[in-house]
Amino acid sequence: MRSFSRERPSRADPVEAAAAGARFDQPTATENGAPARSYYTGRNLARAHTIEDLRRMAHRRLPAFAVEYLEGGAEEEATLVRNLAAFASWRLSPKALVDVSRRDLSVSLFGRPLPLPFAIAPTGLNGLFWRKADVLLARAAAQAGVPFIQSTMSNDRMEEVAAVPNLRHWWQLYVFGPHEIREALIARAERAGCEALVVTVDAQFYGDREWEQRRFAHPGRLTTGSILDAALHPRWALTTLSGGMPSFANDINYIPEDRRGFFESAFWIRANMDHTLDWAEVARLRKLWPRKFLIKGILNADDVERAAAIGADGAILSNHGGRQLDWTVSGLDVLPEARRRVGDRMTLLVDGGVRRGTDVLKCLALGADAALLGRATLYGLAAAGQKGVERAIDIFREEIDRDLGLLGAPSVKELGSAFLTR
Ligand SMILES: Cc1cc2nc3c(=O)[nH]c(=O)nc-3n(C[C@H](O)[C@H](O)[C@H](O)COP(=O)(O)O)c2cc1C
């Protein structure tokens, strides 16, 4: 079986690209290939030391089209590169000789304690990675006590995810089709008991993930090569397609009957996103929803203030993991100014490129209430299902805990600009 590889001709700033690449691809203590080093790609989760190991395990298990869907960024992938490099441009300034015999990783999110300073970001089509993927992600999240944000493009029914015991269940809304659809989904999320509604506003047009497109002969149909490649991944097929092709369990009834194939429905929803979506409509949705309301996909401080003004409880600073507009800033770049503008009036979450405990610490030190994990937990899922997600969460817990000790900060609540240097 082939491992995943492709040419990556990005015009992103070579310094940024190198900073991003140095995090994973170019182990720095090697010279002329010595000592020989490689990531773990076997099946023993206990041997996955880092998120990058889980990523390599996932690449090995998945067919190439699914890897492209998981990894790809839009156009030249400059935004994707920036997300990784944004973390590389901040250095940690540790404090010496602090008693760190006890370390507290918990924060407070919407008035409730959160044992770990992150949540799981909404990702659609997770059923391509594992059968019942969102139920598995939700179970792992519930065990760890962190929120799971379920996507409109989920392949599992909202109510089934809501039934996972002890889950902090948030629903992510894509605004597509006529008003009745969004209103019906919101009413359903309310009935399902979701704690928060997250309206994603950066995807009214679908970013062109060109490398993913190259896997399709035409919209809705994979190339023959991709189908053959998928057939060469029986371990993936058995654990993913054993119940048949996944479907968009929450949206399928809104899709015309002759367009309900898996990829076809995804393309139909993309083609029917509401291009008139504006602040007035988001303010109207805010009024329809009685609980916590967040806007996801904000990338400038003026918009954060505007979100506060229409009564949003939180903003998620995000460029959608580099999958939408290319050449944008990263959520992390915007965070300090956003926090300065809204003070404590608003919950600020940030995502994009979070792969390490130190990344989470940097998010918090720059003013985030918590970080969101996108691909990081998906790597765990795609490597080994629920156990893989649990391992990803454990890796973050272990790294954050150890790094707090090394940083001289007994609690994540103490993190601030004093711990950072640009
Ligand atoms: C495979 C995949 C699917 C995604 N689907 C959605 C989605 O359905 N809704 C949404 O708001 N964001 C979606 N996102 C964006 C994530 O919520 C998040 O912003 C992003 O993954 C963060 O970047 P990271 O993956 O580098 O951590 C998706 C991201 C990925 C990687």
# chains A, B, ... in the order shown; residues from 1 in each chain; ligands from 1

call {"tool": "residues_near_ligand", "arguments": {"ligand": "ligand 1", "cutoff": "6 Å", "atoms": "only C-alpha atoms and all ligand atoms", "output": "ChimeraX atom specification"}}
result
/A:69-70,121-124,151,153,200,318,320-321,351-354,373-375

call {"tool": "write_last_selection", "arguments": {"atoms": "C-alpha atoms", "output": "compact mmCIF listing (two decimals), in the first residue's frame"}}
result
# COMPACT_ATOMS: atom_id res chain seq x y z
CA TYR A 69 -10.12 15.57 1.83
CA LEU A 70 -8.65 15.54 5.34
CA ALA A 121 -14.03 21.62 16.05
CA PRO A 122 -16.86 20.82 13.64
CA THR A 123 -15.77 18.77 10.65
CA GLY A 124 -18.06 17.41 7.98
CA SER A 151 -21.19 19.81 11.77
CA MET A 153 -22.31 18.04 7.19
CA THR A 200 -20.06 29.24 10.29
CA SER A 318 -10.65 30.75 12.21
CA HIS A 320 -11.40 27.02 8.35
CA GLY A 321 -8.07 25.22 8.57
CA ASP A 351 -8.29 27.29 15.61
CA GLY A 352 -6.01 26.43 12.73
CA GLY A 353 -2.85 24.36 12.96
CA VAL A 354 -3.11 23.35 16.62
CA LEU A 373 -8.84 20.94 17.52
CA GLY A 374 -9.67 20.21 13.88
CA ARG A 375 -7.37 17.83 12.05

call {"tool": "residues_around", "arguments": {"residues": "Asp156 of chain A", "least_positions_apart": "3", "cutoff": "10 Å", "atoms": "only C-alpha atoms", "output": "PyMOL selection string"}}
result
chain A and resi 125-127+131-135+150-153+159-161+246-250

call {"tool": "select_by_dssp", "arguments": {"residues": "segment 282-402 of chain A", "states": "strand (DSSP E)", "output": "CSV table (one decimal) with C-alpha atoms, in the first residue's frame"}}
result
chain,number,residue,atom,x,y,z
A,292,LYS,CA,-25.0,30.3,23.7
A,293,PHE,CA,-24.4,31.6,20.2
A,294,LEU,CA,-21.1,31.7,18.4
A,295,ILE,CA,-19.9,32.9,15.0
A,296,LYS,CA,-17.2,30.9,13.4
A,297,GLY,CA,-14.9,32.1,10.7
A,298,ILE,CA,-14.1,35.6,11.8
A,314,GLY,CA,-18.5,34.0,21.3
A,315,ALA,CA,-16.5,34.3,18.2
A,316,ILE,CA,-14.3,31.6,16.7
A,317,LEU,CA,-11.2,33.1,15.0
A,347,THR,CA,-15.7,34.2,24.6
A,348,LEU,CA,-12.9,33.9,22.0
A,349,LEU,CA,-11.9,30.6,20.6
A,350,VAL,CA,-9.3,30.1,18.0
A,370,ALA,CA,-9.8,27.8,24.6
A,371,ALA,CA,-8.5,26.4,21.3
A,372,LEU,CA,-10.3,24.1,18.9
A,373,LEU,CA,-8.8,20.9,17.5

call {"tool": "closest_residue", "arguments": {"among": "A:Leu54, A:Leu97, A:Ala88, A:Val360", "to": "Leu407 of chain A", "atoms": "only C-alpha atoms"}}
result
A:Leu97

call {"tool": "closest_residue", "arguments": {"among": "A:Glu52, A:Asp326, A:Asp258, A:Asp403", "to": "Arg209 of chain A", "atoms": "only C-alpha atoms"}}
result
A:Asp326

call {"tool": "closest_residue", "arguments": {"among": "A:Lys95, A:His179, A:Arg157, A:Arg82", "to": "Arg323 of chain A", "atoms": "only C-alpha atoms"}}
result
A:Arg82

call {"tool": "atom_distance", "arguments": {"atom1": "atom CA of Trp171 of chain A", "atom2": "atom CA of Ile395 of chain A"}}
result
25.7 Å

call {"tool": "closest_residue", "arguments": {"among": "A:Val198, A:Ala307, A:Ala230, A:Met273", "to": "Arg345 of chain A", "atoms": "only C-alpha atoms"}}
result
A:Ala307

call {"tool": "closest_residue", "arguments": {"among": "A:Leu84, A:Ile120, A:Leu128, A:Leu228", "to": "Asn155 of chain A", "atoms": "only C-alpha atoms"}}
result
A:Leu128

call {"tool": "closest_residue", "arguments": {"among": "A:Leu277, A:Ala141, A:Ala365, A:Ala17", "to": "Arg182 of chain A", "atoms": "only C-alpha atoms"}}
result
A:Leu277

call {"tool": "atom_distance", "arguments": {"atom1": "atom CA of Met245 of chain A", "atom2": "atom CA of Gln204 of chain A"}}
result
26.0 Å

call {"tool": "residues_around", "arguments": {"residues": "Arg235 of chain A", "least_positions_apart": "5", "cutoff": "10 Å", "atoms": "only C-alpha atoms", "output": "ChimeraX atom specification"}}
result
/A:61-63,240

call {"tool": "residues_around", "arguments": {"residues": "Glu305 of chain A", "least_positions_apart": "2", "cutoff": "8 Å", "atoms": "only C-alpha atoms", "output": "list of chain:residue names"}}
result
A:Ala301, A:Asp302, A:Asp303, A:Ala307, A:Ala308, A:Ala309, A:Ala338, A:Arg341, A:Val342

call {"tool": "residues_around", "arguments": {"residues": "segment 30-46 of chain A", "least_positions_apart": "3", "cutoff": "6 Å", "atoms": "only C-alpha atoms", "output": "list in words"}}
result
Asp53, Arg56 and Met57 of chain A

call {"tool": "write_last_selection", "arguments": {"atoms": "N, CA, C and O atoms", "output": "PDB file, in the first residue's frame"}}
result
ATOM      1  N   ASP A  53       2.542  11.430  14.738  1.00  0.00           N
ATOM      2  CA  ASP A  53       2.524   9.962  14.580  1.00  0.00           C
ATOM      3  C   ASP A  53       1.122   9.499  14.183  1.00  0.00           C
ATOM      4  O   ASP A  53       0.965   8.658  13.296  1.00  0.00           O
ATOM      5  N   ARG A  56       0.526  10.175  10.569  1.00  0.00           N
ATOM      6  CA  ARG A  56       1.151   9.192   9.661  1.00  0.00           C
ATOM      7  C   ARG A  56       0.372   7.873   9.676  1.00  0.00           C
ATOM      8  O   ARG A  56       0.218   7.208   8.653  1.00  0.00           O
ATOM      9  N   MET A  57      -0.121   7.488  10.859  1.00  0.00           N
ATOM     10  CA  MET A  57      -0.923   6.257  10.940  1.00  0.00           C
ATOM     11  C   MET A  57      -2.199   6.407  10.111  1.00  0.00           C
ATOM     12  O   MET A  57      -2.621   5.478   9.406  1.00  0.00           O
TER      13      MET A  57
END

call {"tool": "select_by_dssp", "arguments": {"residues": "segment 49-256 of chain A", "states": "alpha helix (DSSP H)", "output": "ChimeraX atom specification"}}
result
/A:51-61,64-71,78-88,133-144,158-162,179-191,210-213,224-231,234-240

call {"tool": "residues_around", "arguments": {"residues": "Asp274 of chain A", "least_positions_apart": "4", "cutoff": "10 Å", "atoms": "only C-alpha atoms", "output": "PDB file with all heavy atoms, in the first residue's frame"}}
result
ATOM      1  N   TYR A 174     -24.469  25.405   8.932  1.00  0.00           N
ATOM      2  CA  TYR A 174     -24.180  26.008   7.633  1.00  0.00           C
ATOM      3  C   TYR A 174     -25.493  26.586   7.135  1.00  0.00           C
ATOM      4  O   TYR A 174     -26.538  25.917   7.196  1.00  0.00           O
ATOM      5  CB  TYR A 174     -23.691  24.957   6.636  1.00  0.00           C
ATOM      6  CG  TYR A 174     -22.206  24.709   6.659  1.00  0.00           C
ATOM      7  CD1 TYR A 174     -21.703  23.404   6.613  1.00  0.00           C
ATOM      8  CD2 TYR A 174     -21.297  25.760   6.698  1.00  0.00           C
ATOM      9  CE1 TYR A 174     -20.331  23.167   6.607  1.00  0.00           C
ATOM     10  CE2 TYR A 174     -19.927  25.521   6.699  1.00  0.00           C
ATOM     11  CZ  TYR A 174     -19.458  24.230   6.649  1.00  0.00           C
ATOM     12  OH  TYR A 174     -18.115  23.994   6.644  1.00  0.00           O
ATOM     13  N   VAL A 175     -25.435  27.804   6.614  1.00  0.00           N
ATOM     14  CA  VAL A 175     -26.654  28.465   6.173  1.00  0.00           C
ATOM     15  C   VAL A 175     -26.818  28.227   4.667  1.00  0.00           C
ATOM     16  O   VAL A 175     -26.121  28.823   3.854  1.00  0.00           O
ATOM     17  CB  VAL A 175     -26.607  29.966   6.508  1.00  0.00           C
ATOM     18  CG1 VAL A 175     -27.894  30.632   6.069  1.00  0.00           C
ATOM     19  CG2 VAL A 175     -26.378  30.159   8.004  1.00  0.00           C
ATOM     20  N   PHE A 176     -27.728  27.321   4.340  1.00  0.00           N
ATOM     21  CA  PHE A 176     -27.953  26.994   2.922  1.00  0.00           C
ATOM     22  C   PHE A 176     -29.450  26.876   2.670  1.00  0.00           C
ATOM     23  O   PHE A 176     -30.243  26.705   3.598  1.00  0.00           O
ATOM     24  CB  PHE A 176     -27.235  25.679   2.533  1.00  0.00           C
ATOM     25  CG  PHE A 176     -27.800  24.438   3.167  1.00  0.00           C
ATOM     26  CD1 PHE A 176     -28.703  23.626   2.486  1.00  0.00           C
ATOM     27  CD2 PHE A 176     -27.431  24.068   4.447  1.00  0.00           C
ATOM     28  CE1 PHE A 176     -29.236  22.480   3.071  1.00  0.00           C
ATOM     29  CE2 PHE A 176     -27.955  22.930   5.047  1.00  0.00           C
ATOM     30  CZ  PHE A 176     -28.856  22.131   4.356  1.00  0.00           C
ATOM     31  N   GLY A 177     -29.805  26.978   1.397  1.00  0.00           N
ATOM     32  CA  GLY A 177     -31.201  26.775   1.010  1.00  0.00           C
ATOM     33  C   GLY A 177     -32.129  27.837   1.578  1.00  0.00           C
ATOM     34  O   GLY A 177     -31.684  28.838   2.151  1.00  0.00           O
ATOM     35  N   PRO A 178     -33.440  27.616   1.434  1.00  0.00           N
ATOM     36  CA  PRO A 178     -34.406  28.600   1.940  1.00  0.00           C
ATOM     37  C   PRO A 178     -34.404  28.664   3.473  1.00  0.00           C
ATOM     38  O   PRO A 178     -33.908  27.759   4.133  1.00  0.00           O
ATOM     39  CB  PRO A 178     -35.748  28.079   1.413  1.00  0.00           C
ATOM     40  CG  PRO A 178     -35.519  26.665   1.035  1.00  0.00           C
ATOM     41  CD  PRO A 178     -34.064  26.493   0.740  1.00  0.00           C
ATOM     42  N   HIS A 179     -34.993  29.738   3.997  1.00  0.00           N
ATOM     43  CA  HIS A 179     -34.980  29.986   5.445  1.00  0.00           C
ATOM     44  C   HIS A 179     -35.507  28.823   6.272  1.00  0.00           C
ATOM     45  O   HIS A 179     -35.067  28.597   7.390  1.00  0.00           O
ATOM     46  CB  HIS A 179     -35.794  31.248   5.760  1.00  0.00           C
ATOM     47  CG  HIS A 179     -35.043  32.499   5.451  1.00  0.00           C
ATOM     48  ND1 HIS A 179     -35.192  33.665   6.154  1.00  0.00           N
ATOM     49  CD2 HIS A 179     -34.115  32.769   4.511  1.00  0.00           C
ATOM     50  CE1 HIS A 179     -34.401  34.596   5.659  1.00  0.00           C
ATOM     51  NE2 HIS A 179     -33.743  34.072   4.651  1.00  0.00           N
ATOM     52  N   ALA A 203     -17.866  30.092   4.715  1.00  0.00           N
ATOM     53  CA  ALA A 203     -17.932  29.027   3.716  1.00  0.00           C
ATOM     54  C   ALA A 203     -19.150  29.166   2.811  1.00  0.00           C
ATOM     55  O   ALA A 203     -19.681  28.172   2.334  1.00  0.00           O
ATOM     56  CB  ALA A 203     -17.939  27.670   4.423  1.00  0.00           C
ATOM     57  N   GLN A 204     -19.577  30.409   2.555  1.00  0.00           N
ATOM     58  CA  GLN A 204     -20.739  30.560   1.663  1.00  0.00           C
ATOM     59  C   GLN A 204     -20.365  30.191   0.229  1.00  0.00           C
ATOM     60  O   GLN A 204     -21.205  29.792  -0.557  1.00  0.00           O
ATOM     61  CB  GLN A 204     -21.323  31.967   1.762  1.00  0.00           C
ATOM     62  CG  GLN A 204     -21.913  32.295   3.145  1.00  0.00           C
ATOM     63  CD  GLN A 204     -22.718  31.173   3.774  1.00  0.00           C
ATOM     64  OE1 GLN A 204     -22.244  30.452   4.657  1.00  0.00           O
ATOM     65  NE2 GLN A 204     -23.937  30.978   3.315  1.00  0.00           N
ATOM     66  N   PHE A 205     -19.088  30.363  -0.097  1.00  0.00           N
ATOM     67  CA  PHE A 205     -18.539  29.748  -1.313  1.00  0.00           C
ATOM     68  C   PHE A 205     -17.599  28.654  -0.836  1.00  0.00           C
ATOM     69  O   PHE A 205     -16.952  28.799   0.192  1.00  0.00           O
ATOM     70  CB  PHE A 205     -17.759  30.762  -2.153  1.00  0.00           C
ATOM     71  CG  PHE A 205     -18.650  31.751  -2.839  1.00  0.00           C
ATOM     72  CD1 PHE A 205     -19.023  32.924  -2.197  1.00  0.00           C
ATOM     73  CD2 PHE A 205     -19.128  31.509  -4.111  1.00  0.00           C
ATOM     74  CE1 PHE A 205     -19.860  33.835  -2.814  1.00  0.00           C
ATOM     75  CE2 PHE A 205     -19.974  32.413  -4.743  1.00  0.00           C
ATOM     76  CZ  PHE A 205     -20.338  33.578  -4.092  1.00  0.00           C
ATOM     77  N   ILE A 269     -25.388  20.677  -1.502  1.00  0.00           N
ATOM     78  CA  ILE A 269     -25.413  21.650  -0.395  1.00  0.00           C
ATOM     79  C   ILE A 269     -24.456  22.803  -0.700  1.00  0.00           C
ATOM     80  O   ILE A 269     -24.802  23.976  -0.547  1.00  0.00           O
ATOM     81  CB  ILE A 269     -25.086  20.959   0.950  1.00  0.00           C
ATOM     82  CG1 ILE A 269     -26.225  20.006   1.321  1.00  0.00           C
ATOM     83  CG2 ILE A 269     -24.877  21.996   2.063  1.00  0.00           C
ATOM     84  CD1 ILE A 269     -25.990  19.159   2.542  1.00  0.00           C
ATOM     85  N   ARG A 270     -23.247  22.457  -1.177  1.00  0.00           N
ATOM     86  CA  ARG A 270     -22.287  23.514  -1.530  1.00  0.00           C
ATOM     87  C   ARG A 270     -22.882  24.476  -2.544  1.00  0.00           C
ATOM     88  O   ARG A 270     -22.695  25.690  -2.450  1.00  0.00           O
ATOM     89  CB  ARG A 270     -21.038  22.897  -2.160  1.00  0.00           C
ATOM     90  CG  ARG A 270     -20.108  22.297  -1.143  1.00  0.00           C
ATOM     91  CD  ARG A 270     -19.011  21.521  -1.845  1.00  0.00           C
ATOM     92  NE  ARG A 270     -18.486  20.508  -0.961  1.00  0.00           N
ATOM     93  CZ  ARG A 270     -17.696  19.508  -1.353  1.00  0.00           C
ATOM     94  NH1 ARG A 270     -17.339  19.397  -2.625  1.00  0.00           N
ATOM     95  NH2 ARG A 270     -17.267  18.632  -0.482  1.00  0.00           N
ATOM     96  N   ASP A 278     -25.807  37.800   5.713  1.00  0.00           N
ATOM     97  CA  ASP A 278     -25.164  39.031   6.187  1.00  0.00           C
ATOM     98  C   ASP A 278     -25.435  39.194   7.687  1.00  0.00           C
ATOM     99  O   ASP A 278     -26.055  38.333   8.314  1.00  0.00           O
ATOM    100  CB  ASP A 278     -25.656  40.244   5.378  1.00  0.00           C
ATOM    101  CG  ASP A 278     -27.167  40.459   5.497  1.00  0.00           C
ATOM    102  OD1 ASP A 278     -27.824  39.728   6.283  1.00  0.00           O
ATOM    103  OD2 ASP A 278     -27.694  41.350   4.810  1.00  0.00           O
TER     104      ASP A 278
END

call {"tool": "atom_distance", "arguments": {"atom1": "atom CA of Ser417 of chain A", "atom2": "atom CA of Ala96 of chain A"}}
result
16.2 Å

call {"tool": "residues_around", "arguments": {"residues": "Glu414 of chain A", "least_positions_apart": "4", "cutoff": "12 Å", "atoms": "only C-alpha atoms", "output": "list in words"}}
result
Lys95, Arg103, Asp104, Leu105, Ser106, Val107, Leu361, Leu364, Ala365, Leu366, Gly367, Asp369, Leu404, Leu407, Gly408, Ala409, Pro410, Ala418 and Phe419 of chain A
